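Some notes on the structure that comes next.
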Amino acid sequence: EGSYIDTELRYSIIQDKRDRRFQTTEGYRASFNQKLPLYSESPSILNGMNYSAYHSFNENIIGSVRFHGRAINSLSDSDDVKLSERLSIPSKYLRGFESGRIGPVDGEDHVGGNYITALGFNAGLPKLLPNLTNADISLFFDAGNVWGVDYDDSIGESNKIRSAIGLSVDWFTLIGPLNFSFSEDITSASTDKPESFRFNIGTTF
């Protein structure tokens, strides 16, 4: 509610040791990012970390794991983190649920949290369809959590691990990579919104 002006500095430190950007088979990518307020009426600091690693067990299975974490905290004793800056898990890190529809709920609205984490495991099957060299099929397990509401710690069902399993197809086309995923949630809260099918332009891993 109301108007505000923010001036902030964002930066990232990235180390990329993957053998290639798309259809990765070996290596890892790690990054740390931070948002610092230069001028803000309600200043907050954001810290984040991402990590993904890949390993080819054989020509039939390529395993990968990834981690995504963020934390945002107010630097003012009198102000909470603005609603527009609260955190939710990006859809590519937690399949099986509608984007922005898990975590703390205030009334009927998912309001995000001060903290998010997501962990995913992926088993790529490059030889499953040998005639389609531009398509990747994989099995996945995703888990994540959104929690922490600084303006009201009584908001329920915010601190719970959500998880899902499924099958994902990455198709590399002339217009860019397309992704289809079919999933089934394993653990969830009663206020979460599961999603069994998703289509994205862009890869998921």
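Lettering and numbering for the structure tokens are positional, with chains as A, B, ... in the shown order, residues counted from 1 in each chain, and ligands counted from 1 in the shown order.
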
Excluding stretch 46-58 of chain A and any residue of its chain fewer than 6 positions from it, enumerate the residues within 8 Å of it, using only C-alpha atoms, and give them as a CSV table (one decimal) with all heavy atoms, in the first residue's frame.
```csv
chain,number,residue,atom,x,y,z
A,18,ARG,N,30.7,-26.2,-16.1
A,18,ARG,CA,30.0,-27.2,-16.9
A,18,ARG,C,30.7,-27.4,-18.3
A,18,ARG,O,31.3,-26.5,-18.8
A,18,ARG,CB,28.6,-26.7,-17.2
A,18,ARG,CG,27.7,-26.6,-15.9
A,18,ARG,CD,26.4,-26.0,-16.2
A,18,ARG,NE,26.5,-24.7,-16.7
A,18,ARG,CZ,25.4,-23.9,-17.1
A,18,ARG,NH1,24.2,-24.4,-17.1
A,18,ARG,NH2,25.6,-22.7,-17.5
A,24,THR,N,24.0,-30.6,-20.6
A,24,THR,CA,25.2,-30.8,-19.8
A,24,THR,C,25.4,-32.2,-19.3
A,24,THR,O,24.4,-32.9,-18.9
A,24,THR,CB,25.2,-29.9,-18.6
A,24,THR,OG1,24.9,-28.5,-19.0
A,24,THR,CG2,26.5,-29.9,-17.8
A,25,THR,N,26.6,-32.7,-19.3
A,25,THR,CA,26.9,-34.1,-18.9
A,25,THR,C,27.9,-34.1,-17.7
A,25,THR,O,27.9,-35.1,-17.0
A,25,THR,CB,27.5,-34.9,-20.1
A,25,THR,OG1,28.7,-34.3,-20.5
A,25,THR,CG2,26.5,-35.0,-21.2
A,26,GLU,N,28.7,-33.1,-17.6
A,26,GLU,CA,29.7,-33.1,-16.5
A,26,GLU,C,29.9,-31.7,-16.0
A,26,GLU,O,29.7,-30.7,-16.7
A,26,GLU,CB,31.0,-33.7,-16.9
A,26,GLU,CG,31.0,-35.2,-17.3
A,26,GLU,CD,30.9,-36.1,-16.1
A,26,GLU,OE1,31.1,-35.6,-14.9
A,26,GLU,OE2,30.7,-37.3,-16.2
A,27,GLY,N,30.4,-31.6,-14.7
A,27,GLY,CA,30.7,-30.3,-14.2
A,27,GLY,C,29.7,-29.7,-13.2
A,27,GLY,O,28.8,-30.4,-12.8
A,28,TYR,N,29.9,-28.5,-12.9
A,28,TYR,CA,29.0,-27.8,-11.9
A,28,TYR,C,29.0,-26.3,-12.2
A,28,TYR,O,29.8,-25.7,-12.9
A,28,TYR,CB,29.5,-28.1,-10.5
A,28,TYR,CG,30.8,-27.4,-10.1
A,28,TYR,CD1,30.8,-26.1,-9.6
A,28,TYR,CD2,32.0,-28.0,-10.3
A,28,TYR,CE1,32.0,-25.4,-9.3
A,28,TYR,CE2,33.2,-27.4,-10.0
A,28,TYR,CZ,33.2,-26.1,-9.5
A,28,TYR,OH,34.4,-25.4,-9.2
A,29,ARG,N,27.9,-25.7,-11.6
A,29,ARG,CA,27.8,-24.2,-11.6
A,29,ARG,C,27.4,-23.8,-10.2
A,29,ARG,O,26.4,-24.3,-9.7
A,29,ARG,CB,26.8,-23.8,-12.7
A,29,ARG,CG,26.6,-22.3,-12.8
A,29,ARG,CD,25.6,-21.9,-13.8
A,29,ARG,NE,25.5,-20.5,-14.2
A,29,ARG,CZ,24.9,-19.6,-13.5
A,29,ARG,NH1,24.2,-19.9,-12.4
A,29,ARG,NH2,24.9,-18.3,-13.9
A,30,ALA,N,28.1,-22.8,-9.7
A,30,ALA,CA,27.8,-22.3,-8.4
A,30,ALA,C,27.7,-20.8,-8.4
A,30,ALA,O,28.5,-20.1,-9.2
A,30,ALA,CB,28.9,-22.7,-7.3
A,31,SER,N,26.8,-20.2,-7.7
A,31,SER,CA,26.7,-18.7,-7.7
A,31,SER,C,26.2,-18.2,-6.4
A,31,SER,O,25.4,-18.9,-5.7
A,31,SER,CB,25.7,-18.3,-8.8
A,31,SER,OG,24.4,-18.7,-8.5
A,32,PHE,N,26.6,-17.0,-6.0
A,32,PHE,CA,26.2,-16.3,-4.8
A,32,PHE,C,25.7,-14.9,-5.3
A,32,PHE,O,26.4,-14.3,-6.1
A,32,PHE,CB,27.3,-16.2,-3.8
A,32,PHE,CG,26.9,-15.2,-2.6
A,32,PHE,CD1,26.1,-15.7,-1.6
A,32,PHE,CD2,27.3,-13.9,-2.6
A,32,PHE,CE1,25.7,-14.8,-0.6
A,32,PHE,CE2,27.0,-13.0,-1.6
A,32,PHE,CZ,26.2,-13.5,-0.6
A,33,ASN,N,24.5,-14.5,-4.9
A,33,ASN,CA,24.1,-13.2,-5.2
A,33,ASN,C,23.5,-12.5,-4.0
A,33,ASN,O,23.1,-13.1,-3.1
A,33,ASN,CB,23.0,-13.3,-6.4
A,33,ASN,CG,21.9,-14.2,-6.0
A,33,ASN,OD1,21.0,-13.7,-5.3
A,33,ASN,ND2,21.9,-15.4,-6.5
A,34,GLN,N,23.5,-11.2,-4.1
A,34,GLN,CA,23.1,-10.3,-3.0
A,34,GLN,C,22.5,-9.0,-3.5
A,34,GLN,O,22.9,-8.5,-4.5
A,34,GLN,CB,24.3,-10.0,-2.1
A,34,GLN,CG,24.0,-9.4,-0.8
A,34,GLN,CD,25.2,-9.3,0.2
A,34,GLN,OE1,26.2,-8.6,-0.2
A,34,GLN,NE2,25.1,-9.9,1.3
A,35,LYS,N,21.5,-8.6,-2.8
A,35,LYS,CA,20.9,-7.3,-3.0
A,35,LYS,C,21.1,-6.4,-1.8
A,35,LYS,O,20.7,-6.7,-0.7
A,35,LYS,CB,19.4,-7.4,-3.3
A,35,LYS,CG,18.7,-6.1,-3.8
A,35,LYS,CD,17.3,-6.1,-3.5
A,35,LYS,CE,17.0,-5.9,-2.0
A,35,LYS,NZ,15.6,-5.8,-1.7
A,36,LEU,N,21.7,-5.2,-2.0
A,36,LEU,CA,22.0,-4.3,-0.9
A,36,LEU,C,21.3,-3.0,-1.2
A,36,LEU,O,21.3,-2.4,-2.3
A,36,LEU,CB,23.5,-4.0,-0.8
A,36,LEU,CG,24.4,-5.2,-0.6
A,36,LEU,CD1,25.9,-4.8,-0.7
A,36,LEU,CD2,24.1,-5.8,0.8
A,64,SER,N,22.0,-35.4,-12.1
A,64,SER,CA,22.2,-34.1,-11.7
A,64,SER,C,21.5,-33.7,-10.4
A,64,SER,O,20.4,-34.3,-10.1
A,64,SER,CB,21.8,-33.1,-12.8
A,64,SER,OG,20.7,-33.5,-13.5
A,65,VAL,N,22.0,-32.8,-9.7
A,65,VAL,CA,21.4,-32.3,-8.4
A,65,VAL,C,21.6,-30.8,-8.4
A,65,VAL,O,22.5,-30.2,-9.0
A,65,VAL,CB,22.1,-32.9,-7.2
A,65,VAL,CG1,23.6,-32.5,-7.2
A,65,VAL,CG2,21.5,-32.5,-5.9
A,66,ARG,N,20.6,-30.1,-7.9
A,66,ARG,CA,20.6,-28.6,-7.8
A,66,ARG,C,20.0,-28.1,-6.5
A,66,ARG,O,19.2,-28.8,-5.9
A,66,ARG,CB,19.9,-28.0,-9.0
A,66,ARG,CG,18.4,-28.4,-9.0
A,66,ARG,CD,17.7,-27.8,-10.2
A,66,ARG,NE,16.3,-28.2,-10.2
A,66,ARG,CZ,15.4,-27.8,-11.1
A,66,ARG,NH1,15.8,-27.0,-12.1
A,66,ARG,NH2,14.2,-28.2,-11.1
A,67,PHE,N,20.5,-27.0,-6.1
A,67,PHE,CA,20.1,-26.3,-4.8
A,67,PHE,C,19.8,-24.9,-5.1
A,67,PHE,O,20.5,-24.2,-5.9
A,67,PHE,CB,21.1,-26.5,-3.7
A,67,PHE,CG,20.7,-25.6,-2.5
A,67,PHE,CD1,19.8,-26.1,-1.6
A,67,PHE,CD2,21.3,-24.4,-2.3
A,67,PHE,CE1,19.5,-25.4,-0.5
A,67,PHE,CE2,21.0,-23.6,-1.2
A,67,PHE,CZ,20.1,-24.1,-0.3
A,68,HIS,N,18.7,-24.4,-4.6
A,68,HIS,CA,18.3,-22.9,-4.7
A,68,HIS,C,17.9,-22.4,-3.4
A,68,HIS,O,17.0,-23.0,-2.7
A,68,HIS,CB,17.2,-22.8,-5.7
A,68,HIS,CG,16.6,-21.4,-5.9
A,68,HIS,ND1,17.2,-20.5,-6.7
A,68,HIS,CD2,15.5,-20.8,-5.3
A,68,HIS,CE1,16.5,-19.4,-6.6
A,68,HIS,NE2,15.5,-19.5,-5.8
A,69,GLY,N,18.5,-21.4,-2.9
A,69,GLY,CA,18.1,-20.8,-1.6
A,69,GLY,C,18.2,-19.3,-1.6
A,69,GLY,O,19.0,-18.7,-2.2
A,70,ARG,N,17.2,-18.7,-0.8
A,70,ARG,CA,17.2,-17.3,-0.7
A,70,ARG,C,16.7,-16.9,0.7
A,70,ARG,O,15.9,-17.6,1.3
A,70,ARG,CB,16.2,-16.7,-1.7
A,70,ARG,CG,16.5,-16.8,-3.2
A,70,ARG,CD,17.7,-15.9,-3.6
A,70,ARG,NE,18.0,-15.9,-5.0
A,70,ARG,CZ,18.7,-16.8,-5.6
A,70,ARG,NH1,19.3,-17.8,-4.9
A,70,ARG,NH2,19.0,-16.8,-6.9
A,71,ALA,N,17.2,-15.7,1.2
A,71,ALA,CA,16.7,-15.2,2.5
A,71,ALA,C,16.7,-13.7,2.3
A,71,ALA,O,17.6,-13.1,1.8
A,71,ALA,CB,17.6,-15.6,3.6
A,72,ILE,N,15.6,-13.1,2.8
A,72,ILE,CA,15.5,-11.6,2.8
A,72,ILE,C,15.0,-11.2,4.2
A,72,ILE,O,14.1,-11.8,4.8
A,72,ILE,CB,14.4,-11.2,1.7
A,72,ILE,CG1,14.5,-9.6,1.6
A,72,ILE,CG2,13.0,-11.7,2.0
A,72,ILE,CD1,13.8,-9.1,0.4
A,73,ASN,N,15.7,-10.2,4.7
A,73,ASN,CA,15.5,-9.7,6.0
A,73,ASN,C,15.5,-8.2,6.0
A,73,ASN,O,16.3,-7.5,5.4
A,73,ASN,CB,16.5,-10.2,7.0
A,73,ASN,CG,16.5,-11.7,7.1
A,73,ASN,OD1,17.3,-12.4,6.5
A,73,ASN,ND2,15.6,-12.2,7.9
```

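Around A:Asn159, within 7 Å and counting only C-alpha atoms, the residues found are Asn145, Val146, Trp147, Glu157 and Ile161 of chain A, once anything fewer than 2 positions away on its own chain is removed.
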
Could you please take those selected residues and save C-alpha atoms as a PDB file, in the first residue's frame?
```
ATOM      1  CA  ASN A 145       9.924 -24.970   1.392  1.00  0.00           C
ATOM      2  CA  VAL A 146       8.707 -21.382   1.826  1.00  0.00           C
ATOM      3  CA  TRP A 147       8.493 -20.076   5.367  1.00  0.00           C
ATOM      4  CA  GLU A 157       1.177 -24.124   7.360  1.00  0.00           C
ATOM      5  CA  ILE A 161       8.500 -29.563   2.998  1.00  0.00           C
TER       6      ILE A 161
END
```

Counting only C-alpha atoms, what is within 8 Å of stretch 164-170 of chain A, bar same-chain residues fewer than 2 positions away, as a VMD selection string?
chain A and resid 94 to 96 135 to 143 162 172 177 to 187 203 to 204

Store the residues of this selection in a file with C-alpha atoms, as an mmCIF file, in the first residue's frame.
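See selection_24.cif below for the written result:
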```
data_model
loop_
_atom_site.group_PDB
_atom_site.id
_atom_site.type_symbol
_atom_site.label_atom_id
_atom_site.label_comp_id
_atom_site.auth_asym_id
_atom_site.auth_seq_id
_atom_site.Cartn_x
_atom_site.Cartn_y
_atom_site.Cartn_z
ATOM 1 C CA LEU A 94 9.727 -26.904 -7.740
ATOM 2 C CA ARG A 95 7.629 -28.737 -10.288
ATOM 3 C CA GLY A 96 4.345 -30.293 -9.238
ATOM 4 C CA ALA A 135 15.066 -34.042 -27.058
ATOM 5 C CA ASP A 136 15.986 -34.928 -23.471
ATOM 6 C CA ILE A 137 13.773 -37.088 -21.255
ATOM 7 C CA SER A 138 14.391 -37.264 -17.529
ATOM 8 C CA LEU A 139 12.893 -38.386 -14.236
ATOM 9 C CA PHE A 140 12.945 -35.905 -11.373
ATOM 10 C CA PHE A 141 12.336 -35.440 -7.673
ATOM 11 C CA ASP A 142 11.845 -31.862 -6.435
ATOM 12 C CA ALA A 143 11.432 -30.661 -2.858
ATOM 13 C CA ARG A 162 6.703 -29.836 -0.341
ATOM 14 C CA PHE A 172 15.466 -28.100 -28.358
ATOM 15 C CA PRO A 177 14.154 -24.929 -25.812
ATOM 16 C CA LEU A 178 10.668 -26.094 -24.835
ATOM 17 C CA ASN A 179 9.844 -28.050 -21.692
ATOM 18 C CA PHE A 180 6.941 -30.312 -20.744
ATOM 19 C CA SER A 181 6.651 -31.841 -17.284
ATOM 20 C CA PHE A 182 4.203 -34.325 -15.815
ATOM 21 C CA SER A 183 4.284 -34.591 -12.033
ATOM 22 C CA GLU A 184 2.597 -35.931 -8.906
ATOM 23 C CA ASP A 185 2.934 -34.242 -5.539
ATOM 24 C CA ILE A 186 4.117 -36.390 -2.616
ATOM 25 C CA THR A 187 3.958 -34.023 0.357
ATOM 26 C CA THR A 203 14.906 -25.529 -19.947
ATOM 27 C CA THR A 204 14.188 -26.573 -16.369
#
```

Selection near stretch 110-113 of chain A, 12 Å with only C-alpha atoms, sequence-local residues under 6 positions removed, as a PyMOL selection string
chain A and resi 70-73+80-90+98-104+145-153+155-159+191-193

Mind pulling up the distance from atom CA of A:Ile45 to atom CA of A:Ser76?
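Distance between the two atoms: 10.4 Å.
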
Going by DSSP on the backbone, which residues of chain A come out as strand (DSSP E)? List them as a ChimeraX atom specification.
/A:6-16,27-40,44-58,61-74,105-106,109-110,115-124,135-147,162-173,176-187,197-201

Among the residues of stretch 53-150 of chain A, find those DSSP assigns to helix (DSSP H, G or I) from the backbone and print them as a list in words.
Leu83, Ser84, Glu85, Ser91, Lys92 and Tyr93 of chain A

All heavy atoms of the current selection, written as a JSON list (two decimals), in the first residue's frame:
```json
[["chain", "number", "residue", "atom", "x", "y", "z"],
["A", 83, "LEU", "N", 5.63, -6.58, 0.81],
["A", 83, "LEU", "CA", 4.98, -7.70, 0.16],
["A", 83, "LEU", "C", 5.57, -7.96, -1.23],
["A", 83, "LEU", "O", 5.74, -9.09, -1.64],
["A", 83, "LEU", "CB", 3.47, -7.45, 0.07],
["A", 83, "LEU", "CG", 2.64, -8.55, -0.60],
["A", 83, "LEU", "CD1", 2.73, -9.83, 0.21],
["A", 83, "LEU", "CD2", 1.19, -8.11, -0.76],
["A", 84, "SER", "N", 5.90, -6.88, -1.94],
["A", 84, "SER", "CA", 6.44, -7.02, -3.30],
["A", 84, "SER", "C", 7.82, -7.66, -3.31],
["A", 84, "SER", "O", 8.30, -8.09, -4.37],
["A", 84, "SER", "CB", 6.49, -5.65, -3.99],
["A", 84, "SER", "OG", 7.32, -4.76, -3.25],
["A", 85, "GLU", "N", 8.51, -7.71, -2.17],
["A", 85, "GLU", "CA", 9.86, -8.27, -2.10],
["A", 85, "GLU", "C", 9.89, -9.64, -1.42],
["A", 85, "GLU", "O", 10.97, -10.24, -1.32],
["A", 85, "GLU", "CB", 10.80, -7.32, -1.35],
["A", 85, "GLU", "CG", 11.04, -6.01, -2.09],
["A", 85, "GLU", "CD", 12.10, -5.16, -1.42],
["A", 85, "GLU", "OE1", 12.29, -5.30, -0.20],
["A", 85, "GLU", "OE2", 12.75, -4.37, -2.12],
["A", 91, "SER", "N", 9.22, -21.51, -10.50],
["A", 91, "SER", "CA", 8.54, -22.73, -10.93],
["A", 91, "SER", "C", 9.51, -23.79, -11.43],
["A", 91, "SER", "O", 9.26, -24.99, -11.30],
["A", 91, "SER", "CB", 7.50, -22.42, -12.01],
["A", 91, "SER", "OG", 8.12, -21.80, -13.12],
["A", 92, "LYS", "N", 10.65, -23.40, -12.00],
["A", 92, "LYS", "CA", 11.57, -24.40, -12.54],
["A", 92, "LYS", "C", 12.29, -25.17, -11.44],
["A", 92, "LYS", "O", 12.87, -26.23, -11.70],
["A", 92, "LYS", "CB", 12.60, -23.74, -13.46],
["A", 92, "LYS", "CG", 13.56, -22.79, -12.76],
["A", 92, "LYS", "CD", 14.55, -22.23, -13.77],
["A", 92, "LYS", "CE", 15.55, -21.30, -13.13],
["A", 92, "LYS", "NZ", 16.53, -20.78, -14.11],
["A", 93, "TYR", "N", 12.26, -24.66, -10.20],
["A", 93, "TYR", "CA", 12.93, -25.35, -9.10],
["A", 93, "TYR", "C", 11.98, -26.23, -8.29],
["A", 93, "TYR", "O", 12.44, -27.04, -7.48],
["A", 93, "TYR", "CB", 13.59, -24.35, -8.16],
["A", 93, "TYR", "CG", 14.80, -23.68, -8.75],
["A", 93, "TYR", "CD1", 14.75, -22.36, -9.19],
["A", 93, "TYR", "CD2", 16.00, -24.37, -8.89],
["A", 93, "TYR", "CE1", 15.86, -21.75, -9.74],
["A", 93, "TYR", "CE2", 17.12, -23.76, -9.44],
["A", 93, "TYR", "CZ", 17.04, -22.45, -9.86],
["A", 93, "TYR", "OH", 18.14, -21.84, -10.41]]
```

Have a look at A:Ser44, A:Ser3, A:Asn60, A:Ser188 and name the one nearest to A:Ser78; count only C-alpha atoms.
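Nearest candidate to A:Ser78 out of A:Ser44, A:Ser3, A:Asn60, A:Ser188: A:Ser44.
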